[in-house]
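Asks: My structure is stored as run_34.txt, with compact mmCIF, C-alpha atoms.
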# COMPACT_ATOMS: atom_id res chain seq x y z
CA MET A 8 8.75 6.91 -23.19
CA PRO A 9 7.27 4.10 -21.09
CA ARG A 10 8.71 0.65 -21.72
CA ILE A 11 5.15 -0.64 -21.73
CA GLU A 12 2.68 1.69 -23.41
CA PRO A 13 -0.90 1.88 -22.11
CA LEU A 14 -3.47 -0.09 -24.06
CA ALA A 15 -6.27 2.31 -24.91
CA GLU A 16 -9.80 1.21 -24.16
CA ALA A 17 -10.72 1.54 -27.84
CA ASP A 18 -7.97 -0.94 -28.76
CA ALA A 19 -8.79 -3.55 -26.11
CA GLN A 20 -10.29 -6.83 -27.23
CA ASP A 21 -11.79 -9.99 -25.75
CA LYS A 22 -10.88 -10.62 -22.10
CA THR A 23 -9.01 -7.33 -21.77
CA ALA A 24 -12.01 -5.34 -22.98
CA GLN A 25 -14.22 -7.35 -20.63
CA THR A 26 -11.95 -6.61 -17.66
CA TYR A 27 -11.84 -2.92 -18.57
CA GLY A 28 -15.65 -2.97 -18.41
CA ARG A 29 -15.57 -4.55 -14.97
CA ILE A 30 -13.09 -1.93 -13.77
CA ARG A 31 -15.35 0.89 -14.97
CA GLU A 32 -18.28 -0.79 -13.22
CA MET A 33 -16.32 -1.21 -9.99
CA LEU A 34 -15.24 2.43 -9.97
CA GLY A 35 -18.49 3.86 -11.30
CA SER A 36 -16.39 5.61 -13.92
CA GLU A 37 -16.75 6.22 -17.64
CA THR A 38 -13.04 5.64 -18.20
CA VAL A 39 -10.39 3.21 -16.97
CA PRO A 40 -7.63 4.85 -14.86
CA GLU A 41 -4.19 4.92 -16.46
CA PRO A 42 -2.46 2.29 -14.28
CA PHE A 43 -4.92 -0.37 -15.46
CA LEU A 44 -4.26 0.60 -19.09
CA HIS A 45 -0.59 -0.30 -18.70
CA TYR A 46 -1.56 -3.63 -17.13
CA GLY A 47 -3.85 -4.16 -20.11
CA ARG A 48 -0.81 -5.10 -22.21
CA VAL A 49 -0.57 -8.30 -20.13
CA GLN A 50 -4.11 -9.61 -19.83
CA PRO A 51 -3.51 -12.21 -17.07
CA PHE A 52 -1.82 -9.59 -14.89
CA LEU A 53 -4.63 -7.11 -15.54
CA GLN A 54 -7.22 -9.69 -14.53
CA ASP A 55 -5.32 -10.79 -11.41
CA PHE A 56 -4.68 -7.23 -10.32
CA TYR A 57 -8.28 -6.18 -10.89
CA MET A 58 -9.63 -9.08 -8.83
CA ASN A 59 -7.13 -8.56 -6.00
CA PHE A 60 -7.65 -4.80 -6.08
CA LYS A 61 -11.42 -5.13 -5.87
CA LYS A 62 -11.31 -7.55 -2.94
CA PHE A 63 -8.34 -6.35 -0.92
CA VAL A 64 -7.99 -2.63 -1.74
CA TYR A 65 -11.29 -1.17 -2.90
CA THR A 66 -14.08 -2.76 -0.88
CA ASP A 67 -14.84 -3.24 2.81
CA GLY A 68 -13.70 -6.48 4.38
CA LYS A 69 -12.08 -7.29 7.70
CA ILE A 70 -10.86 -3.69 7.53
CA ASP A 71 -12.88 -0.87 6.01
CA ALA A 72 -12.35 0.66 2.58
CA GLN A 73 -11.01 3.93 4.01
CA THR A 74 -8.26 2.14 5.92
CA LYS A 75 -7.44 0.08 2.84
CA ALA A 76 -7.09 3.29 0.81
CA ILE A 77 -4.74 4.62 3.48
CA ILE A 78 -2.62 1.46 3.41
CA GLY A 79 -2.57 1.58 -0.39
CA LEU A 80 -1.47 5.21 -0.28
CA ALA A 81 1.31 4.37 2.18
CA VAL A 82 2.54 1.58 -0.10
CA SER A 83 2.37 3.62 -3.32
CA SER A 84 4.21 6.46 -1.56
CA HIS A 85 6.85 4.00 -0.37
CA TYR A 86 7.35 2.87 -3.97
CA GLY A 87 7.26 6.45 -5.27
CA CYS A 88 4.43 5.50 -7.65
CA GLY A 89 2.79 8.80 -8.57
CA LEU A 90 -0.10 7.35 -10.58
CA TRP A 91 -1.32 5.25 -7.69
CA GLN A 92 -0.57 7.96 -5.14
CA ASP A 93 -2.84 10.37 -7.00
CA PHE A 94 -5.59 7.79 -7.41
CA LEU A 95 -5.49 6.71 -3.77
CA ILE A 96 -5.34 10.26 -2.43
CA ASP A 97 -8.56 10.99 -4.30
CA ARG A 98 -10.05 7.71 -3.12
CA ALA A 99 -9.09 8.32 0.52
CA LYS A 100 -10.52 11.84 0.45
CA SER A 101 -13.77 10.56 -1.05
CA LEU A 102 -14.01 8.23 1.95
CA GLY A 103 -13.51 10.99 4.51
CA VAL A 104 -9.74 11.33 4.89
CA ALA A 105 -8.86 14.99 5.47
CA ASP A 106 -6.27 16.86 3.40
CA GLY A 107 -3.85 17.02 6.32
CA GLN A 108 -4.13 13.31 6.97
CA VAL A 109 -2.70 12.52 3.55
CA GLY A 110 0.62 13.96 4.67
CA GLU A 111 0.32 12.13 7.97
CA VAL A 112 -0.06 8.78 6.20
CA ILE A 113 3.09 9.44 4.19
CA ALA A 114 4.92 10.63 7.30
CA VAL A 115 4.03 7.50 9.28
CA ALA A 116 5.17 5.25 6.42
CA SER A 117 8.42 7.20 6.05
CA THR A 118 9.12 7.14 9.79
CA ASN A 119 8.47 3.43 9.88
CA ALA A 120 10.91 2.90 7.00
CA MET A 121 13.54 4.76 9.01
CA TYR A 122 13.08 2.32 11.89
CA ASN A 123 13.10 -0.63 9.49
CA ASN A 124 16.53 0.40 8.24
CA PHE A 125 17.86 0.66 11.78
CA PHE A 126 16.48 -2.61 13.11
CA LYS A 127 17.36 -4.56 9.97
CA PHE A 128 20.96 -3.48 10.52
CA ARG A 129 20.83 -4.73 14.09
CA ASN A 130 19.38 -8.00 12.89
CA PHE A 131 21.77 -8.48 9.97
CA SER A 132 24.98 -7.20 11.56
CA GLY A 133 25.79 -10.49 13.26
CA SER A 134 26.92 -8.64 16.36
CA ASP A 135 25.19 -8.28 19.71
CA ILE A 136 27.13 -5.07 20.33
CA PHE A 137 24.65 -2.96 18.33
CA SER A 138 21.68 -4.35 20.24
CA GLU A 139 23.16 -2.91 23.41
CA MET A 140 23.49 0.57 21.90
CA PRO A 141 20.61 3.08 22.06
CA VAL A 142 18.31 3.49 19.07
CA GLY A 143 18.61 7.28 19.24
CA LEU A 144 16.02 7.92 16.53
CA ARG A 145 13.03 10.11 17.30
CA ALA A 146 9.57 8.94 16.24
CA HIS A 147 6.91 11.22 17.72
CA THR A 148 5.15 10.90 14.36
CA PHE A 149 3.74 7.54 15.44
CA THR A 150 1.82 9.09 18.33
CA SER A 151 1.27 12.68 17.23
CA THR A 152 -0.98 12.51 14.17
CA SER A 153 -4.77 12.55 13.90
CA LEU A 154 -4.74 8.96 12.60
CA THR A 155 -6.07 6.28 14.95
CA ASP A 156 -3.57 4.05 16.73
CA GLN A 157 -4.97 1.07 14.84
CA THR A 158 -4.46 2.78 11.48
CA VAL A 159 -0.89 3.73 12.36
CA GLU A 160 -0.12 0.14 13.32
CA LEU A 161 -1.61 -1.27 10.12
CA ILE A 162 0.59 1.09 8.12
CA ASN A 163 3.59 0.04 10.20
CA VAL A 164 2.89 -3.67 9.75
CA ALA A 165 2.46 -3.27 5.99
CA ILE A 166 5.60 -1.18 5.43
CA SER A 167 7.73 -3.25 7.82
CA ASN A 168 6.76 -6.39 5.92
CA LEU A 169 7.54 -4.78 2.54
CA ASN A 170 10.94 -3.78 3.90
CA ALA A 171 11.55 -7.33 5.18
CA CYS A 172 12.24 -6.09 8.71
CA LYS A 173 11.43 -9.07 10.92
CA PRO A 174 11.91 -7.33 14.30
CA CYS A 175 9.67 -4.41 13.30
CA THR A 176 7.02 -6.61 11.69
CA SER A 177 6.81 -8.85 14.75
CA ALA A 178 6.66 -5.89 17.14
CA HIS A 179 3.93 -4.10 15.18
CA VAL A 180 1.87 -7.29 14.81
CA GLU A 181 1.96 -7.71 18.59
CA LYS A 182 1.04 -4.06 19.20
CA SER A 183 -1.81 -4.35 16.67
CA ARG A 184 -3.21 -7.31 18.56
CA GLN A 185 -2.98 -5.36 21.82
CA LEU A 186 -5.04 -2.62 20.16
CA GLY A 187 -7.75 -5.14 19.37
CA LEU A 188 -7.02 -5.81 15.70
CA SER A 189 -7.78 -9.38 14.66
CA ASP A 190 -5.33 -11.63 12.86
CA GLU A 191 -7.77 -11.64 9.92
CA ALA A 192 -7.56 -7.83 9.76
CA LEU A 193 -3.77 -7.98 9.87
CA LEU A 194 -3.70 -10.51 7.05
CA GLU A 195 -6.03 -8.36 4.96
CA ALA A 196 -3.76 -5.36 5.50
CA ILE A 197 -0.89 -7.43 4.10
CA GLN A 198 -3.02 -8.60 1.18
CA CYS A 199 -3.86 -4.96 0.45
CA ALA A 200 -0.21 -3.94 0.65
CA ALA A 201 0.92 -6.91 -1.43
CA THR A 202 -1.59 -6.08 -4.16
CA MET A 203 -0.52 -2.45 -4.34
CA GLY A 204 3.14 -3.43 -4.16
CA ALA A 205 2.69 -5.62 -7.24
CA GLY A 206 0.85 -2.86 -9.09
CA CYS A 207 3.51 -0.29 -8.25
CA ALA A 208 6.38 -2.64 -9.12
CA PHE A 209 4.87 -3.29 -12.55
CA LEU A 210 4.56 0.43 -13.30
CA LYS A 211 8.10 1.13 -12.09
CA ALA A 212 9.52 -1.62 -14.29
CA ALA A 213 7.36 -0.36 -17.17
CA GLY A 214 9.01 3.05 -16.85
CA VAL A 215 5.83 4.85 -15.85
Have the structure of the file written as structure tokens, please.

Replies:
Amino acid sequence: MPRIEPLAEADAQDKTAQTYGRIREMLGSETVPEPFLHYGRVQPFLQDFYMNFKKFVYTDGKIDAQTKAIIGLAVSSHYGCGLWQDFLIDRAKSLGVADGQVGEVIAVASTNAMYNNFFKFRNFSGSDIFSEMPVGLRAHTFTSTSLTDQTVELINVAISNLNACKPCTSAHVEKSRQLGLSDEALLEAIQCAATMGAGCAFLKAAGV
């Protein structure tokens, strides 16, 4: 049993019902997806999430909607949030992401998390000895998928930041800039990831 039950559309009132209507309009759907129904139990969170989701995850901005869906998928996979994974896989595919690329997105995010763990240890260990030792971890995944270099780096920036790995975040921000990504695009990638991180954290705490 979820700790926070979904609030059915038929039971929603006032501002919650109004926000449900805006979600349906945004998605062009007759029903509200399940994650939003759980948020519906806390109207201010539902409203905040909807507004952030619409601006930073669902629509084109400094980065396009397809790339935002990919970043959102990487984040929801990182959190192990099945409801958002399923939604964002469907969304990404509707925007032209191939079946095989779904696995590539997850693989890039997972490989990046591996590096985050390593470099956070170097950073936190308090010893220069480990910085002189070889990394020894293989990461051909970063350069051997069909994803663009820019997309890979945006995933890496987002996941490195979520994992609080300063060395990795800094390195991937610099590489992103070298690839021609603007600082505004980088910030929007983080806003996308932060929005989905909040949505996934809520569902995890709610027992969904």

Asks: What would the list of residues within 10 Å of (-2.9, 4.0, -1.5) (file frame) look like as a PyMOL selection string, if all atoms listed in the file are what count?

Replies: chain A and resi 64-65+73-85+88+91-99+109+112-113+199-200+203-204

Asks: Per residue of stretch 57-162 of chain A within 12 Å of stretch 177-185 of chain A, note the shortest atom pair and the distance in Å to one decimal, counting only C-alpha atoms, and order the rows by chain and increasing residue number, as JSON lines.

Replies:
{"residue": "A:Asn119", "atom": "CA", "partner": "A:His179", "partner_atom": "CA", "distance": 10.3}
{"residue": "A:Tyr122", "atom": "CA", "partner": "A:His179", "partner_atom": "CA", "distance": 11.7}
{"residue": "A:Asn123", "atom": "CA", "partner": "A:Ala178", "partner_atom": "CA", "distance": 11.3}
{"residue": "A:Phe126", "atom": "CA", "partner": "A:Ala178", "partner_atom": "CA", "distance": 11.1}
{"residue": "A:Phe149", "atom": "CA", "partner": "A:His179", "partner_atom": "CA", "distance": 11.6}
{"residue": "A:Thr155", "atom": "CA", "partner": "A:Ser183", "partner_atom": "CA", "distance": 11.6}
{"residue": "A:Asp156", "atom": "CA", "partner": "A:Ser183", "partner_atom": "CA", "distance": 8.6}
{"residue": "A:Gln157", "atom": "CA", "partner": "A:Ser183", "partner_atom": "CA", "distance": 6.5}
{"residue": "A:Thr158", "atom": "CA", "partner": "A:Ser183", "partner_atom": "CA", "distance": 9.2}
{"residue": "A:Val159", "atom": "CA", "partner": "A:Ser183", "partner_atom": "CA", "distance": 9.2}
{"residue": "A:Glu160", "atom": "CA", "partner": "A:Ser183", "partner_atom": "CA", "distance": 5.9}
{"residue": "A:Leu161", "atom": "CA", "partner": "A:Ser183", "partner_atom": "CA", "distance": 7.2}
{"residue": "A:Ile162", "atom": "CA", "partner": "A:His179", "partner_atom": "CA", "distance": 9.4}

Asks: Could you write those residues out with C-alpha atoms, as a short mmCIF file (atom, residue, chain, number, x, y, z; two decimals), keeping the file's coordinate frame?

Replies:
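Writing the result to out-v5.cif gives the following:
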data_model
loop_
_atom_site.label_atom_id
_atom_site.label_comp_id
_atom_site.auth_asym_id
_atom_site.auth_seq_id
_atom_site.Cartn_x
_atom_site.Cartn_y
_atom_site.Cartn_z
CA ASN A 119 8.47 3.43 9.88
CA TYR A 122 13.08 2.32 11.89
CA ASN A 123 13.10 -0.63 9.49
CA PHE A 126 16.48 -2.61 13.11
CA PHE A 149 3.74 7.54 15.44
CA THR A 155 -6.07 6.28 14.95
CA ASP A 156 -3.57 4.05 16.73
CA GLN A 157 -4.97 1.07 14.84
CA THR A 158 -4.46 2.78 11.48
CA VAL A 159 -0.89 3.73 12.36
CA GLU A 160 -0.12 0.14 13.32
CA LEU A 161 -1.61 -1.27 10.12
CA ILE A 162 0.59 1.09 8.12
#

Asks: Using only C-alpha atoms, which residues sit within 9 Å of A:Lys127 once same-chain residues fewer than 5 positions away are excluded, as an mmCIF file with C-alpha atoms, in the coordinates of the input?

Replies:
data_model
loop_
_atom_site.group_PDB
_atom_site.id
_atom_site.type_symbol
_atom_site.label_atom_id
_atom_site.label_comp_id
_atom_site.auth_asym_id
_atom_site.auth_seq_id
_atom_site.Cartn_x
_atom_site.Cartn_y
_atom_site.Cartn_z
ATOM 1 C CA TYR A 122 13.080 2.320 11.890
ATOM 2 C CA SER A 132 24.980 -7.200 11.560
ATOM 3 C CA ASN A 170 10.940 -3.780 3.900
ATOM 4 C CA ALA A 171 11.550 -7.330 5.180
ATOM 5 C CA CYS A 172 12.240 -6.090 8.710
ATOM 6 C CA LYS A 173 11.430 -9.070 10.920
ATOM 7 C CA PRO A 174 11.910 -7.330 14.300
ATOM 8 C CA CYS A 175 9.670 -4.410 13.300
#

Asks: Work out how far atom CA of A:Val164 is from atom CA of A:Thr176, in Å to one decimal.

Replies: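 Taking atom CA of A:Thr176 as the start and atom CA of A:Val164 as the end point, the length is 5.4 Å.
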
Asks: Looking at A:Ala105, A:Leu90, A:Leu34, A:Val142, which one is nearest to A:Thr66, with distances taken over only C-alpha atoms?

Replies: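 When distances to A:Thr66 are compared using only C-alpha atoms, the smallest one comes from A:Leu34.
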
Asks: Would you compute the distance between atom CA of A:Gly110 and atom CA of A:Thr148? Give it in Å to one decimal.

Replies: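 Taking atom CA of A:Gly110 and atom CA of A:Thr148, their separation equals 11.1 Å.
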
Asks: Output as AutoDock Vina command-line options the centre and edge lengths (Å, one decimal) of the box along x, y and z of the file that holds every listed atom of stretch 160-166 of chain A after adding 5 Å on each side.

Replies:
--center_x 2.0 --center_y -1.3 --center_z 9.4 --size_x 17.2 --size_y 14.8 --size_z 17.9

Asks: At most 9 Å from (-8.0, 2.4, -21.1), file frame, all atoms listed in the file: which residues, as a list in words?

Replies: Pro13, Leu14, Ala15, Glu16, Ala17, Asp18, Ala19, Ala24, Tyr27, Thr38, Val39, Pro40, Glu41, Pro42, Phe43, Leu44, His45 and Gly47 of chain A

Asks: Can you write out the residues you just picked, keeping C-alpha atoms, as a PDB file, in the frame of the given file?

Replies:
ATOM      1  CA  PRO A  13      -0.900   1.880 -22.110  1.00  0.00           C
ATOM      2  CA  LEU A  14      -3.470  -0.090 -24.060  1.00  0.00           C
ATOM      3  CA  ALA A  15      -6.270   2.310 -24.910  1.00  0.00           C
ATOM      4  CA  GLU A  16      -9.800   1.210 -24.160  1.00  0.00           C
ATOM      5  CA  ALA A  17     -10.720   1.540 -27.840  1.00  0.00           C
ATOM      6  CA  ASP A  18      -7.970  -0.940 -28.760  1.00  0.00           C
ATOM      7  CA  ALA A  19      -8.790  -3.550 -26.110  1.00  0.00           C
ATOM      8  CA  ALA A  24     -12.010  -5.340 -22.980  1.00  0.00           C
ATOM      9  CA  TYR A  27     -11.840  -2.920 -18.570  1.00  0.00           C
ATOM     10  CA  THR A  38     -13.040   5.640 -18.200  1.00  0.00           C
ATOM     11  CA  VAL A  39     -10.390   3.210 -16.970  1.00  0.00           C
ATOM     12  CA  PRO A  40      -7.630   4.850 -14.860  1.00  0.00           C
ATOM     13  CA  GLU A  41      -4.190   4.920 -16.460  1.00  0.00           C
ATOM     14  CA  PRO A  42      -2.460   2.290 -14.280  1.00  0.00           C
ATOM     15  CA  PHE A  43      -4.920  -0.370 -15.460  1.00  0.00           C
ATOM     16  CA  LEU A  44      -4.260   0.600 -19.090  1.00  0.00           C
ATOM     17  CA  HIS A  45      -0.590  -0.300 -18.700  1.00  0.00           C
ATOM     18  CA  GLY A  47      -3.850  -4.160 -20.110  1.00  0.00           C
TER      19      GLY A  47
END

Asks: Give me, please, the distance in Å between atom CA of A:Phe60 and atom CA of A:Thr202, quoted to one decimal.

Replies: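 Result for atom CA of A:Phe60 versus atom CA of A:Thr202: 6.5 Å, one decimal.
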
Asks: Which residues are close to A:Glu111, i.e. within 7 Å by only C-alpha atoms, leaving aside same-chain residues fewer than 4 positions away? Reply as number ranges by chain.

Replies: A: 107, 115, 152

Asks: Nearest residue to A:Gly143 out of A:Met58, A:Met121, A:Ile11, A:Leu53, using all atoms listed in the file?

Replies: A:Met121

Asks: Out of A:Ser36, A:Gln25, A:Thr118, A:Gln54, which residue has the shortest atom-to-atom distance to A:Leu144 when counting only C-alpha atoms?

Replies: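 Using only C-alpha atoms, A:Leu144 sits closest to A:Thr118.
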